[in-house]
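Shown next: start-v3.cif, given as mmCIF, C-alpha atoms.
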data_work
#
loop_
_atom_site.label_atom_id
_atom_site.label_comp_id
_atom_site.auth_asym_id
_atom_site.auth_seq_id
_atom_site.Cartn_x
_atom_site.Cartn_y
_atom_site.Cartn_z
CA MET K 1 0.00 0.00 0.00
CA LEU K 2 1.44 3.35 -1.07
CA GLY K 3 0.14 5.58 1.70
CA GLY K 4 -2.24 3.67 3.90
CA THR K 5 -2.44 5.80 7.03
CA GLU K 6 -5.39 8.09 6.18
CA PHE K 7 -8.95 7.79 4.86
CA VAL K 8 -9.09 5.65 1.68
CA GLY K 9 -5.65 4.12 2.12
CA ARG K 10 -6.32 3.26 5.73
CA ALA K 11 -9.65 1.64 4.87
CA VAL K 12 -7.93 -0.47 2.19
CA VAL K 13 -5.22 -1.56 4.64
CA GLU K 14 -7.74 -2.49 7.33
CA GLY K 15 -9.82 -4.38 4.79
CA ALA K 16 -6.77 -6.31 3.57
CA LEU K 17 -5.73 -7.17 7.13
CA GLY K 18 -9.28 -8.34 7.79
CA ARG K 19 -8.90 -10.78 4.91
CA GLY K 20 -5.71 -12.15 6.44
CA TRP K 21 -3.44 -10.56 3.85
CA GLU K 22 0.15 -9.58 4.59
CA VAL K 23 0.42 -5.83 4.10
CA THR K 24 3.41 -3.56 3.59
CA VAL K 25 2.73 0.17 3.95
CA PHE K 26 5.03 2.71 2.31
CA HIS K 27 4.41 6.11 3.91
CA ARG K 28 6.04 9.29 5.15
CA GLY K 29 5.71 8.45 8.83
CA ARG K 30 3.45 11.40 9.67
CA HIS K 31 0.62 9.16 10.86
CA GLN K 32 0.61 5.80 12.57
CA PRO K 33 -0.48 2.98 10.25
CA PRO K 34 -2.87 0.25 11.43
CA ALA K 35 -1.35 -2.36 13.71
CA GLY K 36 -0.15 -5.51 11.98
CA VAL K 37 1.45 -3.98 8.88
CA ARG K 38 5.08 -3.84 7.83
CA SER K 39 6.20 -0.22 7.42
CA LEU K 40 8.59 1.36 4.96
CA HIS K 41 9.23 5.12 5.11
CA GLY K 42 9.80 7.53 2.27
CA ASP K 43 8.54 10.76 0.73
CA ARG K 44 7.59 10.39 -2.93
CA THR K 45 8.05 14.14 -3.51
CA ALA K 46 11.68 14.15 -2.34
CA PRO K 47 14.83 13.15 -4.24
CA ASP K 48 15.47 9.44 -3.67
CA GLY K 49 12.11 9.33 -1.90
CA LEU K 50 11.53 5.75 -3.06
CA ALA K 51 14.88 4.49 -1.75
CA ALA K 52 13.39 2.37 1.03
CA LEU K 53 11.01 0.75 -1.44
CA ALA K 54 13.77 0.15 -3.96
CA ALA K 55 16.07 -1.39 -1.32
CA ASP K 56 13.41 -3.67 0.15
CA GLY K 57 14.61 -7.25 0.01
CA GLY K 58 11.21 -8.91 0.09
CA ASP K 59 9.89 -11.35 -2.47
CA GLY K 60 7.61 -8.79 -4.06
CA TRP K 61 3.89 -8.28 -3.77
CA ASP K 62 0.78 -9.71 -5.35
CA ALA K 63 -0.69 -6.24 -5.75
CA VAL K 64 -0.05 -2.55 -5.14
CA VAL K 65 -2.71 0.02 -4.24
CA ASP K 66 -1.96 3.70 -4.84
CA THR K 67 -4.17 6.68 -3.91
CA TRP K 68 -1.86 9.52 -5.03
CA SER K 69 -3.61 12.80 -5.91
CA ALA K 70 -0.87 15.24 -6.91
CA ALA K 71 1.79 15.26 -9.63
CA PRO K 72 1.39 12.13 -11.80
CA ARG K 73 5.15 11.62 -11.97
CA ALA K 74 4.99 10.19 -8.41
CA VAL K 75 2.75 7.39 -9.71
CA HIS K 76 4.93 7.07 -12.80
CA GLU K 77 8.11 6.57 -10.77
CA ALA K 78 6.57 4.19 -8.23
CA ALA K 79 4.87 2.07 -10.87
CA ARG K 80 8.05 1.79 -12.94
CA LEU K 81 10.01 0.78 -9.83
CA LEU K 82 7.46 -1.87 -8.88
CA ARG K 83 7.02 -3.29 -12.38
CA GLY K 84 8.25 -6.87 -12.18
CA ARG K 85 8.07 -6.87 -8.39
CA ALA K 86 4.28 -6.72 -8.08
CA GLY K 87 1.57 -8.58 -9.91
CA ARG K 88 -1.09 -5.89 -10.27
CA TYR K 89 -1.40 -2.13 -9.79
CA ALA K 90 -4.64 -0.61 -8.50
CA TYR K 91 -4.85 3.16 -8.75
CA VAL K 92 -7.61 4.98 -6.88
CA SER K 93 -8.52 7.66 -9.37
CA SER K 94 -11.57 9.91 -9.58
CA ARG K 95 -14.59 10.54 -11.75
CA SER K 96 -13.00 13.96 -12.25
CA VAL K 97 -11.00 12.41 -15.11
CA TYR K 98 -14.07 12.74 -17.35
CA ALA K 99 -14.28 15.78 -19.62
CA TRP K 100 -16.71 18.42 -18.39
CA PRO K 101 -19.65 18.44 -18.49
CA TRP K 102 -19.96 14.87 -17.29
CA PRO K 103 -23.02 13.36 -18.96
CA ARG K 104 -25.83 12.16 -16.76
CA GLY K 105 -25.68 8.38 -16.72
CA GLY K 106 -22.12 8.52 -18.00
CA ALA K 107 -20.27 5.22 -17.98
CA GLU K 108 -16.57 4.41 -18.15
CA ASP K 109 -16.43 5.11 -21.89
CA ALA K 110 -17.34 8.81 -21.46
CA PRO K 111 -14.81 11.32 -22.92
CA LEU K 112 -11.76 12.01 -20.73
CA VAL K 113 -9.91 15.24 -19.96
CA GLU K 114 -7.18 16.17 -22.38
CA GLY K 115 -3.67 17.34 -21.67
CA ALA K 116 -2.72 14.78 -19.01
CA ALA K 117 0.66 13.03 -19.02
CA ALA K 118 2.04 10.17 -16.96
CA ASP K 119 5.30 11.92 -16.06
CA ALA K 120 3.91 15.43 -15.57
CA GLY K 121 4.22 17.71 -12.60
CA ALA K 122 1.12 18.92 -10.79
CA THR K 123 -1.44 20.75 -12.91
CA ASP K 124 -5.04 20.42 -11.73
CA TYR K 125 -6.89 17.64 -9.95
CA ALA K 126 -8.56 16.16 -13.03
CA ARG K 127 -5.38 16.02 -15.12
CA ASP K 128 -3.32 14.85 -12.17
CA LYS K 129 -5.64 11.91 -11.63
CA ARG K 130 -5.80 11.11 -15.33
CA GLY K 131 -2.01 11.30 -15.47
CA GLY K 132 -1.86 8.84 -12.59
CA GLU K 133 -4.06 6.46 -14.57
CA LEU K 134 -1.79 6.75 -17.58
CA ALA K 135 1.24 6.08 -15.38
CA ALA K 136 -0.28 2.93 -13.88
CA VAL K 137 -1.33 1.53 -17.26
CA GLY K 138 1.94 2.56 -18.86
CA ALA K 139 3.98 0.57 -16.34
CA PHE K 140 1.75 -2.47 -15.76
CA GLY K 141 -0.25 -2.67 -18.97
CA ALA K 142 -4.00 -2.64 -19.40
CA ALA K 143 -4.39 -6.26 -18.27
CA ASP K 144 -2.68 -5.77 -14.90
CA SER K 145 -3.88 -2.32 -13.89
CA LEU K 146 -7.14 -1.43 -12.15
CA LEU K 147 -8.48 2.14 -12.26
CA VAL K 148 -10.95 2.94 -9.50
CA ARG K 149 -12.78 6.12 -10.53
CA ALA K 150 -14.31 7.05 -7.23
CA GLY K 151 -17.12 9.51 -6.75
CA LEU K 152 -18.03 11.17 -3.46
CA ILE K 153 -16.43 9.17 -0.62
CA LEU K 154 -17.76 9.31 2.95
CA GLY K 155 -17.16 7.33 6.11
CA PRO K 156 -14.78 6.96 9.06
CA TYR K 157 -11.35 8.63 8.77
CA GLU K 158 -12.68 11.27 6.37
CA ASN K 159 -10.13 14.06 6.05
CA VAL K 160 -11.96 16.15 3.46
CA GLY K 161 -14.60 17.61 5.78
CA ARG K 162 -17.97 16.77 4.27
CA LEU K 163 -19.80 14.34 6.55
CA PRO K 164 -17.82 15.46 9.63
CA TRP K 165 -19.03 19.01 9.03
CA TRP K 166 -22.67 17.99 8.87
CA LEU K 167 -22.31 15.89 12.00
CA THR K 168 -20.62 18.64 14.02
CA ARG K 169 -23.04 21.27 12.73
CA ILE K 170 -26.09 19.25 13.70
CA ALA K 171 -24.51 18.28 17.03
CA ARG K 172 -24.22 22.00 17.80
CA GLY K 173 -28.01 22.15 17.81
CA GLY K 174 -30.49 24.87 16.97
CA PRO K 175 -32.10 25.53 13.59
CA VAL K 176 -30.05 23.99 10.77
CA LEU K 177 -30.22 25.10 7.16
CA ALA K 178 -31.17 21.89 5.35
CA PRO K 179 -30.85 22.29 1.58
CA GLY K 180 -33.77 20.85 -0.29
CA PRO K 181 -35.57 19.15 -1.66
CA ARG K 182 -35.32 16.60 1.10
CA GLU K 183 -36.11 13.75 -1.34
CA LEU K 184 -33.15 14.74 -3.54
CA PRO K 185 -31.23 11.54 -4.51
CA VAL K 186 -27.50 11.59 -3.76
CA GLN K 187 -24.66 9.27 -4.74
CA TYR K 188 -21.67 8.49 -2.54
CA VAL K 189 -19.65 5.45 -1.52
CA ASP K 190 -18.72 4.43 2.00
CA VAL K 191 -14.92 4.26 2.10
CA ARG K 192 -15.08 0.70 3.47
CA ASP K 193 -17.35 -0.44 0.64
CA LEU K 194 -14.87 1.05 -1.83
CA ALA K 195 -12.05 -0.83 -0.10
CA GLU K 196 -13.92 -4.13 -0.09
CA TRP K 197 -14.79 -3.87 -3.76
CA LEU K 198 -11.22 -2.94 -4.66
CA LEU K 199 -9.71 -5.84 -2.72
CA GLY K 200 -12.20 -8.26 -4.24
CA ALA K 201 -11.43 -6.91 -7.70
CA LEU K 202 -7.74 -7.59 -7.14
CA GLU K 203 -8.52 -11.14 -6.05
CA ARG K 204 -10.55 -11.73 -9.20
CA GLY K 205 -8.00 -10.12 -11.50
CA LEU K 206 -10.27 -7.34 -12.73
CA SER K 207 -8.69 -4.62 -14.85
CA GLY K 208 -9.59 -1.38 -16.54
CA PRO K 209 -11.68 1.57 -15.29
CA TYR K 210 -14.66 1.34 -12.96
CA ASN K 211 -16.92 4.12 -11.70
CA LEU K 212 -17.03 3.50 -7.96
CA VAL K 213 -19.94 5.15 -6.16
CA SER K 214 -23.36 3.99 -5.00
CA PRO K 215 -26.17 3.52 -7.50
CA PRO K 216 -28.28 6.67 -8.06
CA GLY K 217 -30.89 7.01 -5.35
CA HIS K 218 -29.01 4.90 -2.79
CA THR K 219 -30.08 7.58 -0.32
CA THR K 220 -31.49 11.09 -0.27
CA MET K 221 -30.41 14.37 1.26
CA GLY K 222 -33.22 13.99 3.76
CA GLU K 223 -32.19 10.50 4.82
CA LEU K 224 -28.58 11.61 5.20
CA LEU K 225 -29.35 14.58 7.44
CA GLN K 226 -31.98 12.68 9.45
CA ALA K 227 -29.34 10.04 10.13
CA CYS K 228 -27.00 12.77 11.38
CA LEU K 229 -29.75 14.10 13.64
CA ARG K 230 -30.50 10.64 14.97
CA VAL K 231 -26.95 9.55 15.80
CA THR K 232 -25.90 12.82 17.43
CA GLY K 233 -29.03 13.00 19.58
CA ALA K 234 -28.78 16.76 19.20
CA ASP K 235 -31.39 19.39 20.01
CA ALA K 236 -31.37 20.51 16.40
CA GLU K 237 -34.15 21.21 13.93
CA LEU K 238 -33.69 20.72 10.20
CA ARG K 239 -35.13 23.73 8.36
CA TRP K 240 -35.67 22.52 4.79
CA THR K 241 -35.06 25.32 2.33
CA ASP K 242 -35.63 25.43 -1.43
CA PRO K 243 -32.56 25.76 -3.66
CA GLU K 244 -33.49 29.19 -5.04
CA PRO K 245 -32.95 31.32 -1.90
CA ILE K 246 -29.78 29.37 -1.10
CA LEU K 247 -28.29 30.14 -4.49
CA GLU K 248 -29.53 33.74 -4.41
CA ALA K 249 -27.64 34.19 -1.13
CA GLY K 250 -24.42 33.25 -2.92
CA ILE K 251 -23.96 30.03 -0.94
CA GLU K 252 -21.82 27.55 -2.85
CA PRO K 253 -23.27 24.06 -3.31
CA TRP K 254 -20.93 21.16 -2.57
CA THR K 255 -18.44 23.36 -0.69
CA GLU K 256 -20.42 25.46 1.80
CA LEU K 257 -23.20 22.87 1.96
CA PRO K 258 -21.24 19.62 1.57
CA VAL K 259 -22.72 16.78 -0.52
CA TRP K 260 -25.62 18.96 -1.68
CA VAL K 261 -25.96 20.08 -5.29
CA PRO K 262 -29.23 21.62 -6.51
CA PRO K 263 -31.18 19.42 -8.92
CA GLY K 264 -31.60 20.07 -12.59
CA GLY K 265 -28.18 21.27 -13.69
CA GLU K 266 -24.93 20.00 -15.12
CA MET K 267 -23.27 19.77 -11.73
CA TYR K 268 -26.02 17.64 -10.21
CA ASP K 269 -26.04 15.30 -13.20
CA ALA K 270 -22.26 14.98 -12.93
CA VAL K 271 -21.94 14.42 -9.21
CA HIS K 272 -25.05 12.39 -8.47
CA GLY K 273 -25.90 10.75 -11.80
CA ALA K 274 -23.13 8.29 -12.63
CA ASP K 275 -23.64 4.90 -14.23
CA VAL K 276 -22.12 2.36 -11.83
CA SER K 277 -23.59 -0.78 -13.36
CA ARG K 278 -20.13 -2.17 -14.12
CA ALA K 279 -19.05 -1.97 -10.47
CA VAL K 280 -22.37 -3.36 -9.21
CA ALA K 281 -22.11 -6.29 -11.63
CA THR K 282 -18.66 -7.08 -10.23
CA GLY K 283 -19.60 -7.09 -6.58
CA LEU K 284 -20.08 -3.55 -5.29
CA VAL K 285 -22.34 -3.63 -2.23
CA CYS K 286 -23.26 -0.38 -0.47
CA ARG K 287 -24.24 -0.36 3.18
CA PRO K 288 -27.18 1.75 4.44
CA VAL K 289 -26.59 5.45 4.97
CA GLY K 290 -27.43 5.12 8.65
CA GLU K 291 -24.48 2.79 9.16
CA THR K 292 -22.07 5.13 7.40
CA VAL K 293 -23.25 8.10 9.45
CA ALA K 294 -23.27 6.24 12.79
CA ASP K 295 -19.79 4.80 12.31
CA THR K 296 -18.41 8.18 11.23
CA TRP K 297 -19.92 9.83 14.32
CA ARG K 298 -18.49 7.08 16.55
CA TRP K 299 -15.03 7.63 15.05
CA LEU K 300 -15.34 11.41 15.27
CA THR K 301 -16.29 11.38 18.94
CA ARG K 302 -13.52 8.89 19.70
CA ILE K 303 -10.88 11.31 18.35
CA GLY K 304 -12.30 14.28 20.23
CA GLY K 305 -14.83 15.67 17.76
CA SER K 306 -12.43 17.39 15.37
CA ALA K 307 -11.77 15.62 12.07
CA PRO K 308 -8.36 15.75 10.39
CA GLN K 309 -8.14 18.04 7.38
CA ARG K 310 -6.08 17.47 4.26
CA PRO K 311 -4.00 20.58 3.59
CA ASP K 312 -4.58 20.29 -0.17
CA ARG K 313 -8.37 20.45 0.12
CA THR K 314 -10.56 23.49 0.74
CA ARG K 315 -12.39 23.65 4.05
CA LYS K 316 -16.05 22.76 3.85
CA GLY K 317 -19.03 24.22 5.63
CA LEU K 318 -21.24 27.27 6.01
CA ASP K 319 -20.47 30.32 8.13
CA PRO K 320 -22.96 30.43 11.07
CA GLU K 321 -23.81 34.09 10.39
CA VAL K 322 -24.62 33.39 6.75
CA GLU K 323 -26.79 30.45 7.82
CA ALA K 324 -28.68 32.53 10.42
CA LYS K 325 -29.30 35.41 8.00
CA LEU K 326 -30.74 33.13 5.35
CA LEU K 327 -32.97 31.31 7.82
CA ALA K 328 -34.29 34.66 9.04
CA ARG K 329 -34.84 35.96 5.51
CA THR K 330 -36.76 32.86 4.44
CA GLY K 331 -38.90 32.79 7.56
CA ASN K 332 -37.20 29.63 8.80
CA ASP K 333 -35.78 31.34 11.87
CA PRO K 334 -37.80 30.24 14.92
CA THR K 335 -37.24 33.63 16.57
#
For the file at hand, write its structure as structure tokens.
Amino acid sequence: MLGGTEFVGRAVVEGALGRGWEVTVFHRGRHQPPAGVRSLHGDRTAPDGLAALAADGGDGWDAVVDTWSAAPRAVHEAARLLRGRAGRYAYVSSRSVYAWPWPRGGAEDAPLVEGAAADAGATDYARDKRGGELAAVGAFGAADSLLVRAGLILGPYENVGRLPWWLTRIARGGPVLAPGPRELPVQYVDVRDLAEWLLGALERGLSGPYNLVSPPGHTTMGELLQACLRVTGADAELRWTDPEPILEAGIEPWTELPVWVPPGGEMYDAVHGADVSRAVATGLVCRPVGETVADTWRWLTRIGGSAPQRPDRTRKGLDPEVEAKLLARTGNDPT
């Protein structure tokens, strides 16, 4: 596992250990990996950063899993080093590799972003992830590389700030701006379901790209926020608000109101309208939203209520003053 101490990587490592696999984790040493792994330290962005991996005297690995999100050349260099020492290369990519606008119901054959290169430096997220795909396939070949094009990922260990923000906001209590409509279908994948599918795909020798997110309509915005209300036990009240006044107030969907995107536009079709039939046909099983929310809240409270935050991601959530002003303006303020 390249990485393996945070969010997706950690879930993959824990899933592999749960299957009885022997796991080596190559990481920078900034976070403690799960117990039971063999650790190698190195920084892929530094000169000779792969030295510990290159010098390892083991017998090689059946598979490598890589979640890298920055300059593709890091994937390029690692994959070239591991070629011949590992059987398969799984790269956790993103649905961002599709050319915008992403078509509603888009499958794995949708057009891809242009301008990506396997050995490039950092450009933007979409091209970086596409470059990582090209690097994995370039080193291991199409038959021995697996491209996991993940959508919205939620669950324990989240370091992006989406579900943790909703949980902490609702736990704070009081009237909560709930972006409607409450029956709005949303797509996401629990990080542990992603990990289980990925590990099973490696066992079965699957290759090529797969959209990895729940089927459309797996849950709704209402079910998600009600689950947050239920598990926190908070004295909060969800004030469902139509999209129009939210957008008129200049509130950014997805960022200031995580997960939520108003229906009817390109962004909603892109984020919550993917075709995942290929992943479902090859074993993707998605747990109920209540389980994802409850387990995330349990993890969040165990670490003191403050989720870790990736430095390369924007902070999520709505300013309390902006929320209060909009609730008052729309008549949703109980005072």
Might you pull out every residue within 9 Å of segment 248-256 of chain K, with only C-alpha atoms counted and same-chain residues fewer than 3 positions away left off, and present them as number ranges by chain?
-> K: 162, 243-245, 259-262, 314-319, 322, 326
Applied to the shown file, which residues does the PyMOL selection byres ((chain K and resi 168-175) around 8) return, written as a PyMOL selection string?
-> chain K and resi 164-167+176-177+228-229+232-239+305+333-334
One residue among K:Val231, K:Ala78, K:Leu202, K:Ala324 is nearest to Leu50 of chain K when using all atoms listed in the file, and that residue is K:Ala78
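Interatomic distance, atom CA of Ala35 of chain K to atom CA of Glu6 of chain K: 13.5 Å.
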Give me the residues within 9 Å of His27 of chain K as a short mmCIF file (atom, residue, chain, number, x, y, z; two decimals) with C-alpha atoms, in the frame of the given file, counting all atoms listed in the file and dropping any in the same chain fewer than 3 places off.
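Result written to out-v1.cif:
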data_model
loop_
_atom_site.label_atom_id
_atom_site.label_comp_id
_atom_site.auth_asym_id
_atom_site.auth_seq_id
_atom_site.Cartn_x
_atom_site.Cartn_y
_atom_site.Cartn_z
CA MET K 1 0.00 0.00 0.00
CA LEU K 2 1.44 3.35 -1.07
CA GLY K 3 0.14 5.58 1.70
CA GLY K 4 -2.24 3.67 3.90
CA THR K 5 -2.44 5.80 7.03
CA ARG K 30 3.45 11.40 9.67
CA HIS K 31 0.62 9.16 10.86
CA PRO K 33 -0.48 2.98 10.25
CA SER K 39 6.20 -0.22 7.42
CA LEU K 40 8.59 1.36 4.96
CA HIS K 41 9.23 5.12 5.11
CA GLY K 42 9.80 7.53 2.27
CA ASP K 43 8.54 10.76 0.73
CA ARG K 44 7.59 10.39 -2.93
#
Spatial neighbours of Ser69 of chain K, max dist 10 Å, only C-alpha atoms, sep filter under 3 positions, as a list in words =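 Final neighbour list, sorted by chain and number: Asp66, Pro72, Ala74, Val75, Val92, Ser93, Ser94, Ala122, Asp124, Tyr125, Ala126, Arg127, Asp128, Lys129, Arg130, Gly131, Gly132 and Asp312 of chain K.
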Using only C-alpha atoms, find all polymer residues with an atom at most 7 Å away from the point (-24.4, 14.5, -13.3); report them as a ChimeraX atom specification.
-> /K:102-104,266-274
Could you take the residues named above and write them with C-alpha atoms, as a JSON list (two decimals), in the frame of the given file?
[["chain", "number", "residue", "atom", "x", "y", "z"],
["K", 102, "TRP", "CA", -19.96, 14.87, -17.29],
["K", 103, "PRO", "CA", -23.02, 13.36, -18.96],
["K", 104, "ARG", "CA", -25.83, 12.16, -16.76],
["K", 266, "GLU", "CA", -24.93, 20.00, -15.12],
["K", 267, "MET", "CA", -23.27, 19.77, -11.73],
["K", 268, "TYR", "CA", -26.02, 17.64, -10.21],
["K", 269, "ASP", "CA", -26.04, 15.30, -13.20],
["K", 270, "ALA", "CA", -22.26, 14.98, -12.93],
["K", 271, "VAL", "CA", -21.94, 14.42, -9.21],
["K", 272, "HIS", "CA", -25.05, 12.39, -8.47],
["K", 273, "GLY", "CA", -25.90, 10.75, -11.80],
["K", 274, "ALA", "CA", -23.13, 8.29, -12.63]]
Residues matched by the PyMOL selection byres ((chain K and resi 90) around 10), written as a PyMOL selection string | chain K and resi 1+63-67+88-89+91-93+133+136-137+140+144-148+198-199+201-202+206-208
To one decimal in Å, tell me the separation between atom CA of Tyr210 of chain K and atom CA of Gly20 of chain K.
-> 25.3 Å
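Proximity ranking of K:Leu300, K:Ala307, K:Ala195, K:Ala86 relative to Arg19 of chain K places K:Ala195 first, based on all atoms listed in the file.
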Point-to-point distance from atom CA of Asp59 of chain K to atom CA of Arg85 of chain K, Å rounded to tenths | 7.6 Å
From the block you just saw, export segment 176-185 of chain K: all heavy atoms, as an mmCIF file, in the first residue's frame.
data_model
loop_
_atom_site.group_PDB
_atom_site.id
_atom_site.type_symbol
_atom_site.label_atom_id
_atom_site.label_comp_id
_atom_site.auth_asym_id
_atom_site.auth_seq_id
_atom_site.Cartn_x
_atom_site.Cartn_y
_atom_site.Cartn_z
ATOM 1 N N VAL K 176 -31.096 24.338 11.737
ATOM 2 C CA VAL K 176 -30.050 23.985 10.773
ATOM 3 C C VAL K 176 -30.589 24.185 9.367
ATOM 4 O O VAL K 176 -31.654 23.663 9.022
ATOM 5 C CB VAL K 176 -29.611 22.515 10.963
ATOM 6 C CG1 VAL K 176 -28.592 22.120 9.895
ATOM 7 C CG2 VAL K 176 -29.047 22.299 12.352
ATOM 8 N N LEU K 177 -29.852 24.938 8.559
ATOM 9 C CA LEU K 177 -30.222 25.101 7.159
ATOM 10 C C LEU K 177 -30.062 23.756 6.449
ATOM 11 O O LEU K 177 -28.951 23.261 6.276
ATOM 12 C CB LEU K 177 -29.341 26.160 6.497
ATOM 13 C CG LEU K 177 -29.552 26.361 4.997
ATOM 14 C CD1 LEU K 177 -30.963 26.865 4.701
ATOM 15 C CD2 LEU K 177 -28.517 27.315 4.423
ATOM 16 N N ALA K 178 -31.179 23.177 6.048
ATOM 17 C CA ALA K 178 -31.166 21.889 5.354
ATOM 18 C C ALA K 178 -31.526 22.149 3.896
ATOM 19 O O ALA K 178 -32.659 22.529 3.583
ATOM 20 C CB ALA K 178 -32.162 20.930 5.990
ATOM 21 N N PRO K 179 -30.591 21.955 2.983
ATOM 22 C CA PRO K 179 -30.845 22.288 1.578
ATOM 23 C C PRO K 179 -31.740 21.258 0.900
ATOM 24 O O PRO K 179 -31.464 20.074 0.918
ATOM 25 C CB PRO K 179 -29.446 22.294 0.968
ATOM 26 C CG PRO K 179 -28.651 21.346 1.818
ATOM 27 C CD PRO K 179 -29.218 21.457 3.204
ATOM 28 N N GLY K 180 -32.809 21.734 0.317
ATOM 29 C CA GLY K 180 -33.772 20.847 -0.289
ATOM 30 C C GLY K 180 -33.572 20.635 -1.785
ATOM 31 O O GLY K 180 -32.637 21.181 -2.379
ATOM 32 N N PRO K 181 -34.484 19.845 -2.350
ATOM 33 C CA PRO K 181 -35.574 19.152 -1.659
ATOM 34 C C PRO K 181 -35.076 17.959 -0.838
ATOM 35 O O PRO K 181 -34.067 17.356 -1.187
ATOM 36 C CB PRO K 181 -36.464 18.677 -2.818
ATOM 37 C CG PRO K 181 -35.516 18.544 -3.975
ATOM 38 C CD PRO K 181 -34.501 19.623 -3.808
ATOM 39 N N ARG K 182 -35.794 17.649 0.210
ATOM 40 C CA ARG K 182 -35.319 16.597 1.104
ATOM 41 C C ARG K 182 -35.293 15.228 0.423
ATOM 42 O O ARG K 182 -34.538 14.353 0.822
ATOM 43 C CB ARG K 182 -36.160 16.549 2.378
ATOM 44 C CG ARG K 182 -37.565 16.020 2.215
ATOM 45 C CD ARG K 182 -38.306 16.043 3.548
ATOM 46 N NE ARG K 182 -38.628 17.400 3.958
ATOM 47 C CZ ARG K 182 -39.028 17.727 5.199
ATOM 48 N NH1 ARG K 182 -39.107 16.789 6.121
ATOM 49 N NH2 ARG K 182 -39.326 18.974 5.491
ATOM 50 N N GLU K 183 -36.101 15.032 -0.620
ATOM 51 C CA GLU K 183 -36.108 13.746 -1.338
ATOM 52 C C GLU K 183 -35.070 13.702 -2.456
ATOM 53 O O GLU K 183 -35.056 12.760 -3.260
ATOM 54 C CB GLU K 183 -37.492 13.470 -1.917
ATOM 55 C CG GLU K 183 -37.954 14.419 -3.016
ATOM 56 C CD GLU K 183 -38.623 15.680 -2.494
ATOM 57 O OE1 GLU K 183 -38.564 15.938 -1.265
ATOM 58 O OE2 GLU K 183 -39.184 16.422 -3.324
ATOM 59 N N LEU K 184 -34.168 14.678 -2.506
ATOM 60 C CA LEU K 184 -33.147 14.737 -3.543
ATOM 61 C C LEU K 184 -32.217 13.524 -3.470
ATOM 62 O O LEU K 184 -31.545 13.301 -2.471
ATOM 63 C CB LEU K 184 -32.323 16.015 -3.374
ATOM 64 C CG LEU K 184 -31.251 16.294 -4.427
ATOM 65 C CD1 LEU K 184 -31.903 16.637 -5.756
ATOM 66 C CD2 LEU K 184 -30.335 17.424 -3.970
ATOM 67 N N PRO K 185 -32.135 12.700 -4.533
ATOM 68 C CA PRO K 185 -31.233 11.540 -4.508
ATOM 69 C C PRO K 185 -29.766 11.980 -4.534
ATOM 70 O O PRO K 185 -29.411 12.922 -5.242
ATOM 71 C CB PRO K 185 -31.595 10.774 -5.785
ATOM 72 C CG PRO K 185 -32.927 11.294 -6.212
ATOM 73 C CD PRO K 185 -32.954 12.721 -5.768
#
